[in-house]
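**Q** Next comes the structure file query_14.json, holding JSON, C-alpha atoms.
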[["chain", "number", "residue", "atom", "x", "y", "z"],
["A", 4, "MET", "CA", -11.51, -46.11, 56.88],
["A", 5, "ALA", "CA", -11.72, -49.39, 55.07],
["A", 6, "THR", "CA", -12.49, -47.82, 51.77],
["A", 7, "GLY", "CA", -12.76, -49.62, 48.49],
["A", 8, "SER", "CA", -10.95, -50.20, 45.29],
["A", 9, "PRO", "CA", -12.28, -52.12, 42.30],
["A", 10, "LYS", "CA", -10.93, -55.33, 43.92],
["A", 11, "HIS", "CA", -11.95, -54.49, 47.47],
["A", 12, "VAL", "CA", -15.49, -54.28, 48.83],
["A", 13, "PRO", "CA", -15.84, -51.43, 51.34],
["A", 14, "VAL", "CA", -16.74, -52.32, 54.91],
["A", 15, "MET", "CA", -20.48, -52.86, 55.57],
["A", 16, "LEU", "CA", -21.25, -51.49, 52.11],
["A", 17, "GLN", "CA", -24.83, -52.69, 51.71],
["A", 18, "ARG", "CA", -25.66, -51.96, 55.35],
["A", 19, "CYS", "CA", -24.64, -48.34, 54.74],
["A", 20, "MET", "CA", -26.76, -48.17, 51.59],
["A", 21, "ASP", "CA", -29.77, -49.64, 53.40],
["A", 22, "ALA", "CA", -29.35, -47.21, 56.30],
["A", 23, "LEU", "CA", -29.28, -44.20, 53.98],
["A", 24, "ALA", "CA", -32.00, -45.40, 51.60],
["A", 25, "PRO", "CA", -35.08, -43.96, 53.39],
["A", 26, "ALA", "CA", -33.49, -40.51, 53.32],
["A", 27, "VAL", "CA", -31.82, -40.38, 49.90],
["A", 28, "SER", "CA", -34.14, -42.23, 47.52],
["A", 29, "ALA", "CA", -36.18, -39.16, 46.54],
["A", 30, "PRO", "CA", -35.24, -37.04, 43.50],
["A", 31, "GLY", "CA", -32.91, -34.16, 44.34],
["A", 32, "ALA", "CA", -31.35, -35.78, 47.40],
["A", 33, "VAL", "CA", -27.81, -34.71, 48.24],
["A", 34, "VAL", "CA", -25.43, -37.10, 50.00],
["A", 35, "VAL", "CA", -22.04, -36.22, 51.46],
["A", 36, "ASP", "CA", -19.34, -38.88, 51.55],
["A", 37, "ALA", "CA", -17.16, -37.33, 54.23],
["A", 38, "THR", "CA", -14.32, -39.83, 53.73],
["A", 39, "LEU", "CA", -14.09, -40.53, 50.01],
["A", 40, "GLY", "CA", -10.97, -42.71, 49.99],
["A", 41, "LEU", "CA", -10.93, -44.80, 46.82],
["A", 42, "GLY", "CA", -14.62, -44.15, 46.22],
["A", 43, "GLY", "CA", -16.18, -47.52, 46.97],
["A", 44, "HIS", "CA", -19.07, -46.19, 49.04],
["A", 45, "SER", "CA", -19.53, -43.22, 46.70],
["A", 46, "GLU", "CA", -19.73, -45.47, 43.64],
["A", 47, "ALA", "CA", -22.39, -47.60, 45.35],
["A", 48, "LEU", "CA", -24.41, -44.50, 46.34],
["A", 49, "LEU", "CA", -24.40, -43.17, 42.78],
["A", 50, "THR", "CA", -25.26, -46.59, 41.35],
["A", 51, "GLN", "CA", -28.01, -47.60, 43.76],
["A", 52, "PHE", "CA", -29.63, -44.16, 43.95],
["A", 53, "PRO", "CA", -29.60, -42.86, 40.36],
["A", 54, "GLU", "CA", -31.03, -39.43, 41.24],
["A", 55, "VAL", "CA", -28.66, -38.67, 44.10],
["A", 56, "ARG", "CA", -26.18, -35.81, 43.88],
["A", 57, "LEU", "CA", -22.93, -36.67, 45.64],
["A", 58, "VAL", "CA", -20.50, -34.31, 47.35],
["A", 59, "ALA", "CA", -17.39, -36.19, 48.46],
["A", 60, "VAL", "CA", -14.43, -34.85, 50.41],
["A", 61, "ASP", "CA", -11.02, -36.24, 51.29],
["A", 62, "ARG", "CA", -7.82, -34.72, 52.64],
["A", 63, "ASP", "CA", -5.64, -37.09, 50.60],
["A", 64, "PRO", "CA", -4.84, -35.71, 47.12],
["A", 65, "GLU", "CA", -3.93, -39.16, 45.79],
["A", 66, "ALA", "CA", -7.27, -40.60, 46.91],
["A", 67, "LEU", "CA", -9.06, -37.78, 45.11],
["A", 68, "ARG", "CA", -7.11, -38.40, 41.92],
["A", 69, "LEU", "CA", -7.94, -42.10, 41.88],
["A", 70, "SER", "CA", -11.58, -41.55, 42.82],
["A", 71, "ARG", "CA", -12.05, -38.99, 40.04],
["A", 72, "GLU", "CA", -11.14, -41.72, 37.58],
["A", 73, "ARG", "CA", -13.46, -44.21, 39.24],
["A", 74, "LEU", "CA", -16.43, -41.84, 39.45],
["A", 75, "ALA", "CA", -15.94, -40.17, 36.06],
["A", 76, "PRO", "CA", -18.80, -42.17, 34.44],
["A", 77, "PHE", "CA", -21.26, -40.40, 36.75],
["A", 78, "GLY", "CA", -20.40, -36.99, 35.34],
["A", 79, "ASP", "CA", -21.60, -33.91, 37.20],
["A", 80, "ARG", "CA", -23.63, -35.96, 39.69],
["A", 81, "ALA", "CA", -20.39, -36.26, 41.69],
["A", 82, "THR", "CA", -18.49, -33.28, 43.09],
["A", 83, "LEU", "CA", -15.14, -34.14, 44.67],
["A", 84, "VAL", "CA", -13.42, -31.64, 46.99],
["A", 85, "HIS", "CA", -10.00, -31.57, 48.63],
["A", 86, "ALA", "CA", -10.97, -30.87, 52.23],
["A", 87, "VAL", "CA", -11.05, -32.34, 55.73],
["A", 88, "TYR", "CA", -14.45, -33.49, 56.94],
["A", 89, "ASP", "CA", -14.76, -30.79, 59.60],
["A", 90, "GLU", "CA", -14.92, -28.36, 56.66],
["A", 91, "ILE", "CA", -18.13, -29.88, 55.25],
["A", 92, "PRO", "CA", -20.37, -26.89, 56.15],
["A", 93, "GLU", "CA", -17.99, -24.53, 54.33],
["A", 94, "VAL", "CA", -17.70, -26.86, 51.33],
["A", 95, "LEU", "CA", -21.48, -27.05, 51.02],
["A", 96, "ALA", "CA", -21.88, -23.28, 51.41],
["A", 97, "GLU", "CA", -19.45, -22.71, 48.53],
["A", 98, "LEU", "CA", -21.54, -25.09, 46.41],
["A", 99, "GLY", "CA", -24.76, -23.26, 47.33],
["A", 100, "ILE", "CA", -26.15, -26.25, 49.25],
["A", 101, "ASP", "CA", -28.02, -25.46, 52.48],
["A", 102, "GLN", "CA", -28.97, -28.95, 53.62],
["A", 103, "VAL", "CA", -28.26, -32.57, 52.73],
["A", 104, "GLN", "CA", -30.29, -35.75, 53.05],
["A", 105, "GLY", "CA", -27.42, -38.13, 53.78],
["A", 106, "LEU", "CA", -24.00, -38.11, 55.42],
["A", 107, "LEU", "CA", -21.54, -41.02, 55.48],
["A", 108, "PHE", "CA", -18.39, -41.13, 57.62],
["A", 109, "ASP", "CA", -15.98, -44.08, 57.31],
["A", 110, "LEU", "CA", -13.36, -43.01, 59.83],
["A", 111, "GLY", "CA", -9.71, -43.87, 60.34],
["A", 112, "VAL", "CA", -7.08, -44.80, 57.79],
["A", 113, "SER", "CA", -7.96, -46.02, 54.31],
["A", 114, "SER", "CA", -6.99, -49.29, 52.68],
["A", 115, "MET", "CA", -4.92, -47.38, 50.14],
["A", 116, "GLN", "CA", -2.96, -45.61, 52.88],
["A", 117, "LEU", "CA", -2.38, -48.87, 54.74],
["A", 118, "ASP", "CA", -1.30, -50.72, 51.60],
["A", 119, "GLU", "CA", 1.17, -48.09, 50.32],
["A", 120, "ALA", "CA", 4.35, -48.75, 52.29],
["A", 121, "ASP", "CA", 5.81, -45.27, 51.81],
["A", 122, "ARG", "CA", 2.91, -43.70, 53.72],
["A", 123, "GLY", "CA", 4.22, -45.21, 56.97],
["A", 124, "PHE", "CA", 0.87, -46.24, 58.47],
["A", 125, "ALA", "CA", 1.50, -49.98, 58.71],
["A", 126, "TYR", "CA", 3.75, -51.34, 61.45],
["A", 127, "ALA", "CA", 4.15, -54.69, 59.67],
["A", 128, "GLN", "CA", 6.58, -53.32, 57.06],
["A", 129, "ASP", "CA", 9.54, -50.95, 57.20],
["A", 130, "ALA", "CA", 8.71, -47.54, 55.71],
["A", 131, "PRO", "CA", 9.31, -43.81, 56.22],
["A", 132, "LEU", "CA", 7.51, -42.58, 59.35],
["A", 133, "ASP", "CA", 5.09, -40.19, 57.70],
["A", 134, "MET", "CA", 1.44, -41.09, 58.56],
["A", 135, "ARG", "CA", 0.00, -37.85, 57.16],
["A", 136, "MET", "CA", -3.28, -38.40, 55.31],
["A", 137, "ASP", "CA", -2.49, -35.17, 53.44],
["A", 138, "GLN", "CA", 1.23, -35.22, 52.75],
["A", 139, "THR", "CA", 1.18, -31.58, 51.65],
["A", 140, "ARG", "CA", 0.79, -30.23, 55.19],
["A", 141, "GLY", "CA", 1.54, -30.79, 58.87],
["A", 142, "LEU", "CA", 4.13, -32.66, 60.93],
["A", 143, "SER", "CA", 5.07, -36.21, 60.01],
["A", 144, "ALA", "CA", 5.21, -39.00, 62.58],
["A", 145, "ALA", "CA", 9.02, -38.83, 62.47],
["A", 146, "GLU", "CA", 8.93, -35.13, 63.35],
["A", 147, "VAL", "CA", 6.60, -35.86, 66.28],
["A", 148, "LEU", "CA", 8.93, -38.59, 67.57],
["A", 149, "ASN", "CA", 12.03, -36.43, 67.15],
["A", 150, "THR", "CA", 10.73, -33.16, 68.63],
["A", 151, "TYR", "CA", 8.00, -33.79, 71.23],
["A", 152, "SER", "CA", 8.84, -33.66, 74.93],
["A", 153, "HIS", "CA", 8.65, -36.75, 77.11],
["A", 154, "GLY", "CA", 5.41, -35.49, 78.63],
["A", 155, "ASP", "CA", 3.74, -34.87, 75.29],
["A", 156, "LEU", "CA", 4.82, -38.23, 73.88],
["A", 157, "ALA", "CA", 3.60, -40.06, 76.98],
["A", 158, "ARG", "CA", 0.30, -38.19, 76.82],
["A", 159, "ILE", "CA", -0.52, -39.05, 73.23],
["A", 160, "LEU", "CA", 0.53, -42.69, 73.71],
["A", 161, "LYS", "CA", -1.66, -43.01, 76.80],
["A", 162, "VAL", "CA", -4.68, -41.04, 75.56],
["A", 163, "TYR", "CA", -4.73, -41.83, 71.83],
["A", 164, "GLY", "CA", -3.14, -45.27, 71.97],
["A", 165, "GLU", "CA", -4.54, -46.34, 75.35],
["A", 166, "GLU", "CA", -1.02, -47.65, 75.97],
["A", 167, "ARG", "CA", -0.34, -48.89, 79.54],
["A", 168, "PHE", "CA", 3.41, -48.43, 79.16],
["A", 169, "ALA", "CA", 3.28, -44.94, 77.64],
["A", 170, "GLY", "CA", 5.80, -43.38, 80.01],
["A", 171, "LYS", "CA", 8.33, -46.16, 79.54],
["A", 172, "ILE", "CA", 8.02, -46.07, 75.75],
["A", 173, "ALA", "CA", 8.38, -42.28, 75.74],
["A", 174, "SER", "CA", 11.56, -42.56, 77.81],
["A", 175, "VAL", "CA", 13.05, -45.06, 75.38],
["A", 176, "ILE", "CA", 12.11, -42.85, 72.40],
["A", 177, "LEU", "CA", 13.94, -39.87, 73.93],
["A", 178, "ARG", "CA", 17.00, -41.96, 74.71],
["A", 179, "GLU", "CA", 17.16, -43.51, 71.24],
["A", 180, "ARG", "CA", 16.50, -40.32, 69.29],
["A", 181, "ALA", "CA", 19.47, -38.71, 71.05],
["A", 182, "LYS", "CA", 21.64, -41.35, 69.37],
["A", 183, "GLU", "CA", 19.96, -41.03, 65.96],
["A", 184, "PRO", "CA", 16.70, -39.34, 64.87],
["A", 185, "PHE", "CA", 13.83, -41.63, 63.92],
["A", 186, "SER", "CA", 13.11, -41.96, 60.21],
["A", 187, "THR", "CA", 11.61, -45.41, 59.50],
["A", 188, "SER", "CA", 9.03, -47.64, 61.13],
["A", 189, "ALA", "CA", 11.00, -50.86, 61.72],
["A", 190, "ARG", "CA", 13.24, -49.24, 64.31],
["A", 191, "LEU", "CA", 10.23, -47.89, 66.21],
["A", 192, "VAL", "CA", 8.45, -51.26, 66.12],
["A", 193, "GLU", "CA", 11.49, -53.00, 67.58],
["A", 194, "LEU", "CA", 11.94, -50.33, 70.23],
["A", 195, "VAL", "CA", 8.33, -50.61, 71.38],
["A", 196, "ARG", "CA", 8.50, -54.39, 71.41],
["A", 197, "ASN", "CA", 11.57, -54.31, 73.67],
["A", 198, "ALA", "CA", 10.06, -51.68, 75.98],
["A", 199, "ILE", "CA", 6.99, -53.76, 76.79],
["A", 200, "PRO", "CA", 7.20, -56.66, 79.30],
["A", 201, "ALA", "CA", 7.47, -60.10, 77.71],
["A", 202, "ALA", "CA", 4.24, -61.32, 79.30],
["A", 203, "THR", "CA", 2.31, -58.45, 77.71],
["A", 204, "ARG", "CA", 3.92, -59.02, 74.31],
["A", 205, "ARG", "CA", 2.47, -62.52, 74.15],
["A", 206, "THR", "CA", -1.13, -61.27, 73.90],
["A", 207, "GLY", "CA", -3.06, -58.66, 71.96],
["A", 208, "GLY", "CA", -1.28, -58.76, 68.62],
["A", 209, "ASN", "CA", 1.65, -56.57, 67.58],
["A", 210, "PRO", "CA", 2.71, -54.50, 70.61],
["A", 211, "ALA", "CA", 3.45, -51.50, 68.35],
["A", 212, "LYS", "CA", -0.18, -51.27, 67.24],
["A", 213, "ARG", "CA", -1.19, -48.84, 70.00],
["A", 214, "THR", "CA", 1.84, -46.61, 69.46],
["A", 215, "PHE", "CA", 1.19, -46.38, 65.72],
["A", 216, "GLN", "CA", -2.50, -45.59, 66.35],
["A", 217, "ALA", "CA", -1.53, -42.82, 68.76],
["A", 218, "LEU", "CA", 0.96, -41.27, 66.35],
["A", 219, "ARG", "CA", -1.50, -41.40, 63.46],
["A", 220, "ILE", "CA", -4.23, -39.70, 65.49],
["A", 221, "GLU", "CA", -1.81, -37.01, 66.65],
["A", 222, "VAL", "CA", -0.31, -36.37, 63.21],
["A", 223, "ASN", "CA", -3.74, -35.96, 61.59],
["A", 224, "GLY", "CA", -5.54, -34.33, 64.52],
["A", 225, "GLU", "CA", -8.22, -36.98, 64.08],
["A", 226, "LEU", "CA", -10.13, -36.61, 67.33],
["A", 227, "GLU", "CA", -10.10, -32.81, 67.28],
["A", 228, "VAL", "CA", -11.32, -32.86, 63.67],
["A", 229, "LEU", "CA", -14.05, -35.38, 64.50],
["A", 230, "ASP", "CA", -15.13, -33.35, 67.52],
["A", 231, "ARG", "CA", -15.79, -30.43, 65.16],
["A", 232, "ALA", "CA", -17.07, -32.51, 62.27],
["A", 233, "ILE", "CA", -19.98, -34.35, 63.92],
["A", 234, "PRO", "CA", -21.88, -31.27, 65.16],
["A", 235, "GLY", "CA", -21.05, -29.41, 61.96],
["A", 236, "ALA", "CA", -22.45, -32.25, 59.88],
["A", 237, "LEU", "CA", -25.59, -32.50, 62.01],
["A", 238, "ASP", "CA", -26.17, -28.79, 61.46],
["A", 239, "VAL", "CA", -26.47, -29.31, 57.70],
["A", 240, "LEU", "CA", -28.56, -32.50, 57.91],
["A", 241, "ALA", "CA", -32.15, -31.90, 56.77],
["A", 242, "VAL", "CA", -35.16, -33.09, 58.72],
["A", 243, "GLY", "CA", -35.65, -36.71, 57.62],
["A", 244, "GLY", "CA", -31.98, -36.96, 56.68],
["A", 245, "ARG", "CA", -29.72, -39.70, 57.98],
["A", 246, "MET", "CA", -26.13, -39.81, 59.15],
["A", 247, "VAL", "CA", -24.09, -43.03, 59.12],
["A", 248, "VAL", "CA", -20.78, -43.23, 60.97],
["A", 249, "MET", "CA", -18.36, -46.15, 61.01],
["A", 250, "SER", "CA", -15.64, -46.03, 63.67],
["A", 251, "TYR", "CA", -12.69, -48.37, 64.09],
["A", 252, "GLN", "CA", -11.47, -47.55, 67.58],
["A", 253, "SER", "CA", -13.13, -46.72, 70.88],
["A", 254, "LEU", "CA", -12.12, -43.05, 71.09],
["A", 255, "GLU", "CA", -13.86, -42.23, 67.80],
["A", 256, "ASP", "CA", -16.92, -44.30, 68.63],
["A", 257, "ARG", "CA", -17.26, -42.66, 72.05],
["A", 258, "LEU", "CA", -17.38, -39.18, 70.49],
["A", 259, "VAL", "CA", -20.00, -40.22, 67.95],
["A", 260, "LYS", "CA", -22.07, -41.94, 70.63],
["A", 261, "GLN", "CA", -22.01, -38.81, 72.82],
["A", 262, "TYR", "CA", -23.18, -36.49, 70.04],
["A", 263, "PHE", "CA", -25.90, -38.87, 68.89],
["A", 264, "ALA", "CA", -27.13, -39.47, 72.44],
["A", 265, "ALA", "CA", -27.24, -35.73, 73.17],
["A", 266, "GLY", "CA", -29.26, -35.08, 70.03],
["A", 267, "ALA", "CA", -31.69, -37.87, 70.85],
["A", 268, "ALA", "CA", -32.34, -36.63, 74.40],
["A", 269, "SER", "CA", -34.78, -34.02, 75.69],
["A", 270, "THR", "CA", -33.16, -30.88, 77.09],
["A", 271, "ALA", "CA", -36.19, -29.95, 79.21],
["A", 272, "PRO", "CA", -35.70, -29.48, 82.96],
["A", 273, "PRO", "CA", -37.01, -32.45, 84.96],
["A", 274, "GLY", "CA", -40.53, -32.29, 86.34],
["A", 275, "LEU", "CA", -42.22, -30.35, 83.52],
["A", 276, "PRO", "CA", -45.75, -31.59, 82.76],
["A", 277, "PHE", "CA", -44.90, -31.49, 79.03],
["A", 278, "VAL", "CA", -41.79, -31.01, 76.90],
["A", 279, "PRO", "CA", -41.81, -27.74, 74.90],
["A", 280, "GLU", "CA", -40.89, -27.95, 71.22],
["A", 281, "GLU", "CA", -37.53, -26.25, 71.72],
["A", 282, "HIS", "CA", -36.53, -29.02, 74.16],
["A", 283, "GLN", "CA", -37.71, -31.98, 72.08],
["A", 284, "PRO", "CA", -35.09, -34.44, 70.79],
["A", 285, "ARG", "CA", -33.67, -33.51, 67.38],
["A", 286, "LEU", "CA", -32.37, -36.96, 66.51],
["A", 287, "LYS", "CA", -33.76, -40.47, 66.39],
["A", 288, "LEU", "CA", -31.27, -43.30, 66.90],
["A", 289, "ILE", "CA", -31.75, -45.86, 64.12],
["A", 290, "THR", "CA", -29.22, -48.31, 65.53],
["A", 291, "ARG", "CA", -29.47, -49.70, 69.04],
["A", 292, "GLY", "CA", -25.95, -49.22, 70.25],
["A", 293, "ALA", "CA", -23.27, -49.87, 67.65],
["A", 294, "GLU", "CA", -23.68, -52.50, 64.93],
["A", 295, "LEU", "CA", -20.80, -54.83, 64.10],
["A", 296, "ALA", "CA", -19.72, -56.43, 60.85],
["A", 297, "THR", "CA", -21.01, -59.94, 60.26],
["A", 298, "GLU", "CA", -18.76, -62.96, 60.64],
["A", 299, "ALA", "CA", -18.97, -63.53, 56.89],
["A", 300, "GLU", "CA", -17.77, -60.02, 56.14],
["A", 301, "ILE", "CA", -14.93, -60.25, 58.63],
["A", 302, "GLU", "CA", -13.85, -63.52, 57.05],
["A", 303, "GLU", "CA", -13.82, -61.81, 53.64],
["A", 304, "ASN", "CA", -12.18, -58.61, 54.88],
["A", 305, "ARG", "CA", -10.25, -58.67, 58.16],
["A", 306, "ARG", "CA", -10.26, -54.87, 58.29],
["A", 307, "ALA", "CA", -13.97, -55.01, 59.07],
["A", 308, "ALA", "CA", -13.34, -56.71, 62.44],
["A", 309, "PRO", "CA", -13.17, -53.59, 64.65],
["A", 310, "VAL", "CA", -15.90, -51.55, 62.91],
["A", 311, "ARG", "CA", -18.69, -49.95, 64.96],
["A", 312, "LEU", "CA", -21.58, -48.53, 62.90],
["A", 313, "ARG", "CA", -24.08, -45.97, 64.23],
["A", 314, "VAL", "CA", -27.00, -44.35, 62.39],
["A", 315, "ALA", "CA", -29.08, -41.34, 63.41],
["A", 316, "GLU", "CA", -31.97, -39.53, 61.69],
["A", 317, "ARG", "CA", -32.83, -35.87, 62.14],
["A", 318, "ILE", "CA", -36.47, -35.56, 63.22],
["A", 319, "ARG", "CA", -36.61, -31.85, 64.08],
["A", 320, "ALA", "CA", -34.90, -28.71, 62.85],
["A", 321, "ALA", "CA", -31.46, -27.79, 64.18],
["A", 322, "ARG", "CA", -31.01, -25.74, 67.30],
["A", 323, "SER", "CA", -28.01, -23.86, 68.61],
["A", 324, "THR", "CA", -27.59, -26.17, 71.59],
["A", 325, "ASP", "CA", -27.04, -29.23, 69.36],
["A", 326, "ARG", "CA", -23.29, -28.51, 69.52],
["A", 327, "LYS", "CA", -23.18, -29.08, 73.25],
["A", 328, "ARG", "CA", -22.58, -32.57, 74.54]]
What is this file in structure tokens?
**A**
Amino acid sequence: MATGSPKHVPVMLQRCMDALAPAVSAPGAVVVDATLGLGGHSEALLTQFPEVRLVAVDRDPEALRLSRERLAPFGDRATLVHAVYDEIPEVLAELGIDQVQGLLFDLGVSSMQLDEADRGFAYAQDAPLDMRMDQTRGLSAAEVLNTYSHGDLARILKVYGEERFAGKIASVILRERAKEPFSTSARLVELVRNAIPAATRRTGGNPAKRTFQALRIEVNGELEVLDRAIPGALDVLAVGGRMVVMSYQSLEDRLVKQYFAAGAASTAPPGLPFVPEEHQPRLKLITRGAELATEAEIEENRRAAPVRLRVAERIRAARSTDRKR
């Protein structure tokens, strides 16, 4: 989540505003920022759409604290909630909101979390191996490294990190933790570097990148949460409402693509002379495939390089089968 601070422009900021505009410009529109971070997208929504009511959630208490300061000038137009984005339907129900006109997801890890060394997300600097977006709950990355079996470590490295040498890295982790438990990132980075063949190390950037991605996804349950969050969010999206999702790695983007494609497809059996209403598509895809950041934006903000943006609009009321991909 390449979220903003006063000195940092959020990724694809104006593209997100333009994508949401047809749905949220009318008086009384409600927009959910599912990944508040430091509030860059939320601030732009409240500024560019002066009649919008914002509901913003984040699992990181520190992000909420900083965003409350940033969004304070907007008063009661902004409601900030400590929650994970798969809890959006419950958050809205508690606020007495049945449907929303806009939803914005800026997935992954925030700029603040990457830039604060003690959070342990960045492999480029030595720091405690934490990686929890909400440091008040759950296992840290160090606890995962020190307690998971070889099979479980190899699985998350292969599936979540798409790491070719997952089994070898897992074996080295088990051997090294028997000597001394893992606590900081520099030791893990060096271990991974030495476990990967020299020819592979010469391409593709830091060889620890995939391992750190895998640990972060595991620690925060990111894919499981997203798999619940997308259909839950679509359920509360009003007809004419729009949902914008920015993903930063292929596993996230694949999930989003599957849910959007399922919603945009007819569920009628083949061969019918017409498609009954209950089988009509419920979504319209606004983007053709995934949109990328422009070269100018990537030059300004390198964290925009991997972004994949998808936009869908609800065109018919929800149905129970929308949850099935």
**Q** Show me the residues around (-36.4, -36.7, 60.2) - criterion: an atom at most 10 Å away, all atoms listed in the file counted - as a PyMOL selection string.
**A** chain A and resi 26+104+240-245+285-287+315-320
**Q** Any idea what the distance is between CA of Val310 in chain A and CA of Glu294 in chain A?
**A** 8.1 Å
**Q** Report the centre and edge lengths, in Å to one decimal, of an axis-aligned box enclosing every atom of range 205-223 of chain A listed in the file, padded by 3 Å on each side, as lines of an AutoDock Vina configuration file.
**A**
center_x = -0.4
center_y = -49.2
center_z = 67.9
size_x = 13.7
size_y = 32.6
size_z = 18.6
**Q** Quick one: distance from CA of Glu97 in chain A to CA of Val35 in chain A in Å, one decimal?
**A**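 Atom-to-atom, CA of Glu97 in chain A and CA of Val35 in chain A are spaced 14.1 Å apart.
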**Q** Set the distance at 8 Å and use only C-alpha atoms: which residues neighbour Pro210 in chain A once local chain neighbours fewer than 4 positions away are removed? I'd like the list as a list in words.
**A**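 The neighbour list is Val192, Val195, Arg196, Ile199 and Arg204 of chain A.
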**Q** From the options A:Leu98, A:Ile176, A:Val314, A:Leu229, which residue's atoms come nearest to Met249 in chain A, counting only C-alpha atoms?
**A** A:Val314
**Q** Using all atoms listed in the file, which residue out of A:Arg80, A:His85, A:Arg56, A:Arg305 lies closest to Leu39 in chain A?
**A** A:His85
**Q** Could you give me range 67-85 of chain A completed to N, CA and C atoms, formatted as a short mmCIF file (atom, residue, chain, number, x, y, z; two decimals), in the coordinates of the input?
**A**
data_model
loop_
_atom_site.label_atom_id
_atom_site.label_comp_id
_atom_site.auth_asym_id
_atom_site.auth_seq_id
_atom_site.Cartn_x
_atom_site.Cartn_y
_atom_site.Cartn_z
N LEU A 67 -8.19 -38.56 45.99
CA LEU A 67 -9.06 -37.78 45.11
C LEU A 67 -8.75 -38.05 43.65
N ARG A 68 -7.48 -38.14 43.31
CA ARG A 68 -7.11 -38.40 41.92
C ARG A 68 -7.66 -39.74 41.45
N LEU A 69 -7.47 -40.77 42.26
CA LEU A 69 -7.94 -42.10 41.88
C LEU A 69 -9.46 -42.17 41.85
N SER A 70 -10.12 -41.52 42.78
CA SER A 70 -11.58 -41.55 42.82
C SER A 70 -12.20 -40.78 41.66
N ARG A 71 -11.53 -39.73 41.21
CA ARG A 71 -12.05 -38.99 40.04
C ARG A 71 -12.12 -39.91 38.83
N GLU A 72 -11.11 -40.76 38.68
CA GLU A 72 -11.14 -41.72 37.58
C GLU A 72 -12.28 -42.72 37.77
N ARG A 73 -12.44 -43.21 38.97
CA ARG A 73 -13.46 -44.21 39.24
C ARG A 73 -14.87 -43.66 39.06
N LEU A 74 -15.09 -42.42 39.47
CA LEU A 74 -16.43 -41.84 39.45
C LEU A 74 -16.71 -41.01 38.19
N ALA A 75 -15.76 -40.95 37.28
CA ALA A 75 -15.94 -40.17 36.06
C ALA A 75 -17.19 -40.54 35.27
N PRO A 76 -17.58 -41.83 35.20
CA PRO A 76 -18.80 -42.17 34.44
C PRO A 76 -20.07 -41.52 34.96
N PHE A 77 -20.06 -41.01 36.19
CA PHE A 77 -21.26 -40.40 36.75
C PHE A 77 -21.35 -38.91 36.46
N GLY A 78 -20.36 -38.37 35.79
CA GLY A 78 -20.40 -36.99 35.34
C GLY A 78 -20.58 -36.00 36.48
N ASP A 79 -21.45 -34.99 36.23
CA ASP A 79 -21.60 -33.91 37.20
C ASP A 79 -22.48 -34.27 38.39
N ARG A 80 -22.91 -35.52 38.48
CA ARG A 80 -23.63 -35.96 39.69
C ARG A 80 -22.68 -36.04 40.88
N ALA A 81 -21.38 -36.14 40.62
CA ALA A 81 -20.39 -36.26 41.69
C ALA A 81 -19.48 -35.04 41.72
N THR A 82 -19.40 -34.39 42.88
CA THR A 82 -18.49 -33.28 43.09
C THR A 82 -17.48 -33.68 44.14
N LEU A 83 -16.20 -33.71 43.77
CA LEU A 83 -15.14 -34.14 44.67
C LEU A 83 -14.33 -32.92 45.11
N VAL A 84 -14.06 -32.83 46.42
CA VAL A 84 -13.42 -31.64 46.99
C VAL A 84 -12.27 -32.05 47.89
N HIS A 85 -11.13 -31.36 47.73
CA HIS A 85 -10.00 -31.57 48.63
C HIS A 85 -10.25 -30.80 49.92
#
